[in-house]
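Notes follow once the structure below has been shown.
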Amino acid sequence: DAATLPPGATIINREASVWRSYRDAILLGASVLVGQTLLIAGLMVQAKRRRKAERALLDRQDELHRSQSRYALAATAGAVGIWDWNFETNELFIDPVLKGVLGFEDHEISTRPDDWGSRVHSEDVAASAAATKACFDGDTDAYEATHRMIHKDGSVRWMLSRGSAVRAANGTLRRLVGTKVDITQRRQAEEAVAESRAVLRRRNQEIQELAGRLIEAQ
């Protein structure tokens, strides 16, 4: 103890403290401990993120499965099908469900646009082509046309076709993607209502004319 030494004495060999003796080892151990702590914390964060991503992926897969199921049910019940016209390859994908609406098997209609287009009623070809040209020319990105198509058995089906344009960076039309819905029953119902209204108008006019003649006769 330095306090027990006489005045003016000089200590030439002091016992080293624990810190002085093991400083390097302590610093190394502390560095390793801090590094391990940070590594464990990073792994825990990474594992948490991975679990979160896995849950999100599973949720998306479940939602995709539900969407596919809903689409399959809707397509079967409502005669709805999708189409995808690739202008870069000039191929037209038609949903097998949509081909079935016209009575065809999947292999009976190819990806050539004119193969499917030949089923469009001759009187409606111009209107359908005009809607496609409007998208091709860049006038609109929305395709919509109501037209008739010929069923495999020769009958006529009314179709509502809607689509959206997919363009390249320079605005060139790359694809048209959309849906077709068989609206034959709705169209027939609308025509029946219109015919009934026309009949009522004619009868009303006949009644008015008859009433006018009776008044004149009096």
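In the structure tokens, chains take the letters A, B, ... in the order shown, each chain's residues start at 1, and ligands count up from 1 in the order shown.
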Checklist entry - Could you name the residues that touch segment 176-183 of chain A at 7 Å or less, counting only C-alpha atoms, but leaving out those on the same chain fewer than 3 positions away, as JSON, numbers by chain? => result {"A": [79, 80, 81, 82, 83, 84, 85, 86, 157, 158, 159, 160, 161, 162, 163, 164, 165, 166, 186, 187]}
Next on the checklist: Among segment 19-182 of chain A, which ones does DSSP assign to alpha helix (DSSP H) (computed from the backbone)? Answer as a count of residues only.
Outcome noted: 83
Checklist entry - Could you pull out the strand (DSSP E or B) residues of chain A from DSSP and send them as JSON, numbers by chain? => result {"A": [80, 81, 82, 83, 84, 85, 86, 91, 92, 93, 94, 120, 142, 143, 144, 145, 146, 147, 148, 149, 150, 156, 157, 158, 159, 160, 161, 162, 163, 164, 165, 166, 167, 173, 174, 175, 176, 177, 178, 179, 180, 181, 182]}
How would the residues just picked look written out with N, CA and C atoms as a compact mmCIF listing (two decimals), in the first residue's frame?
```txt
# COMPACT_ATOMS: atom_id res chain seq x y z
N VAL A 80 -68.77 -17.25 -68.39
CA VAL A 80 -67.76 -16.20 -68.48
C VAL A 80 -66.43 -16.83 -68.84
N GLY A 81 -65.69 -16.21 -69.74
CA GLY A 81 -64.37 -16.71 -70.09
C GLY A 81 -63.42 -15.57 -70.37
N ILE A 82 -62.12 -15.84 -70.29
CA ILE A 82 -61.12 -14.80 -70.53
C ILE A 82 -60.44 -15.02 -71.87
N TRP A 83 -59.91 -13.95 -72.42
CA TRP A 83 -59.15 -14.00 -73.66
C TRP A 83 -57.96 -13.07 -73.55
N ASP A 84 -56.92 -13.37 -74.30
CA ASP A 84 -55.67 -12.60 -74.25
C ASP A 84 -55.08 -12.58 -75.65
N TRP A 85 -55.11 -11.40 -76.28
CA TRP A 85 -54.63 -11.25 -77.66
C TRP A 85 -53.25 -10.61 -77.61
N ASN A 86 -52.23 -11.38 -77.98
CA ASN A 86 -50.85 -10.91 -78.00
C ASN A 86 -50.54 -10.40 -79.40
N GLU A 91 -51.02 -14.02 -81.46
CA GLU A 91 -51.68 -15.21 -80.93
C GLU A 91 -52.82 -14.77 -80.02
N LEU A 92 -53.89 -15.52 -80.07
CA LEU A 92 -55.08 -15.21 -79.27
C LEU A 92 -55.39 -16.41 -78.38
N PHE A 93 -55.18 -16.20 -77.06
CA PHE A 93 -55.52 -17.25 -76.10
C PHE A 93 -56.99 -17.13 -75.75
N ILE A 94 -57.70 -18.23 -75.85
CA ILE A 94 -59.11 -18.28 -75.49
C ILE A 94 -59.29 -19.30 -74.37
N VAL A 120 -67.41 -14.96 -85.25
CA VAL A 120 -68.18 -13.73 -85.05
C VAL A 120 -69.19 -13.59 -86.19
N ALA A 142 -59.60 1.01 -73.41
CA ALA A 142 -60.70 0.14 -73.01
C ALA A 142 -61.38 -0.42 -74.24
N TYR A 143 -61.47 -1.72 -74.30
CA TYR A 143 -62.15 -2.40 -75.41
C TYR A 143 -63.51 -2.88 -74.92
N GLU A 144 -64.55 -2.60 -75.69
CA GLU A 144 -65.88 -3.10 -75.35
C GLU A 144 -66.69 -3.26 -76.62
N ALA A 145 -67.32 -4.40 -76.76
CA ALA A 145 -68.14 -4.67 -77.94
C ALA A 145 -69.21 -5.69 -77.58
N THR A 146 -70.40 -5.46 -78.06
CA THR A 146 -71.49 -6.43 -77.93
C THR A 146 -71.77 -6.97 -79.32
N HIS A 147 -71.64 -8.27 -79.47
CA HIS A 147 -71.77 -8.85 -80.81
C HIS A 147 -72.28 -10.28 -80.70
N ARG A 148 -72.64 -10.81 -81.86
CA ARG A 148 -73.11 -12.19 -81.93
C ARG A 148 -71.98 -13.12 -82.37
N MET A 149 -72.06 -14.36 -81.89
CA MET A 149 -71.12 -15.39 -82.32
C MET A 149 -71.92 -16.64 -82.67
N ILE A 150 -71.35 -17.42 -83.58
CA ILE A 150 -72.04 -18.60 -84.07
C ILE A 150 -71.61 -19.83 -83.25
N VAL A 156 -77.12 -18.87 -82.58
CA VAL A 156 -76.46 -17.59 -82.35
C VAL A 156 -76.38 -17.30 -80.86
N ARG A 157 -75.24 -16.82 -80.43
CA ARG A 157 -75.05 -16.40 -79.04
C ARG A 157 -74.65 -14.93 -79.02
N TRP A 158 -75.28 -14.18 -78.13
CA TRP A 158 -74.89 -12.79 -77.92
C TRP A 158 -73.79 -12.73 -76.87
N MET A 159 -72.71 -11.99 -77.16
CA MET A 159 -71.57 -11.92 -76.26
C MET A 159 -71.26 -10.46 -75.93
N LEU A 160 -70.93 -10.22 -74.66
CA LEU A 160 -70.42 -8.92 -74.23
C LEU A 160 -68.93 -9.09 -73.97
N SER A 161 -68.12 -8.41 -74.76
CA SER A 161 -66.67 -8.54 -74.67
C SER A 161 -66.07 -7.24 -74.15
N ARG A 162 -65.27 -7.35 -73.10
CA ARG A 162 -64.60 -6.18 -72.52
C ARG A 162 -63.13 -6.52 -72.29
N GLY A 163 -62.26 -5.53 -72.52
CA GLY A 163 -60.84 -5.77 -72.34
C GLY A 163 -60.08 -4.48 -72.05
N SER A 164 -58.81 -4.65 -71.71
CA SER A 164 -57.92 -3.52 -71.41
C SER A 164 -56.65 -3.66 -72.23
N ALA A 165 -56.13 -2.53 -72.66
CA ALA A 165 -54.91 -2.52 -73.48
C ALA A 165 -53.68 -2.58 -72.58
N VAL A 166 -52.68 -3.34 -73.01
CA VAL A 166 -51.37 -3.38 -72.36
C VAL A 166 -50.37 -2.85 -73.37
N ARG A 167 -49.72 -1.75 -73.04
CA ARG A 167 -48.86 -1.06 -74.00
C ARG A 167 -47.39 -1.11 -73.60
N LEU A 173 -49.32 -0.89 -78.80
CA LEU A 173 -50.21 -1.90 -78.20
C LEU A 173 -49.52 -3.26 -78.24
N ARG A 174 -49.34 -3.85 -77.07
CA ARG A 174 -48.74 -5.17 -76.98
C ARG A 174 -49.78 -6.26 -76.85
N ARG A 175 -50.80 -6.03 -75.99
CA ARG A 175 -51.81 -7.05 -75.76
C ARG A 175 -53.15 -6.40 -75.46
N LEU A 176 -54.20 -7.15 -75.73
CA LEU A 176 -55.53 -6.84 -75.24
C LEU A 176 -55.97 -8.03 -74.40
N VAL A 177 -56.34 -7.76 -73.17
CA VAL A 177 -56.73 -8.82 -72.25
C VAL A 177 -58.11 -8.50 -71.70
N GLY A 178 -59.00 -9.48 -71.73
CA GLY A 178 -60.34 -9.20 -71.24
C GLY A 178 -61.19 -10.43 -71.03
N THR A 179 -62.49 -10.21 -70.97
CA THR A 179 -63.45 -11.28 -70.72
C THR A 179 -64.57 -11.22 -71.75
N LYS A 180 -65.23 -12.35 -71.91
CA LYS A 180 -66.45 -12.43 -72.70
C LYS A 180 -67.53 -13.07 -71.83
N VAL A 181 -68.72 -12.53 -71.92
CA VAL A 181 -69.85 -13.04 -71.16
C VAL A 181 -70.98 -13.37 -72.13
N ASP A 182 -71.54 -14.54 -71.98
CA ASP A 182 -72.69 -14.93 -72.79
C ASP A 182 -73.92 -14.22 -72.24
```
Checklist entry - If you measure from atom CA of Gly35 of chain A to atom CA of Arg51 of chain A, what distance in Å do you get, rounded to one decimal? => result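 Interatomic distance here is 23.9 Å.
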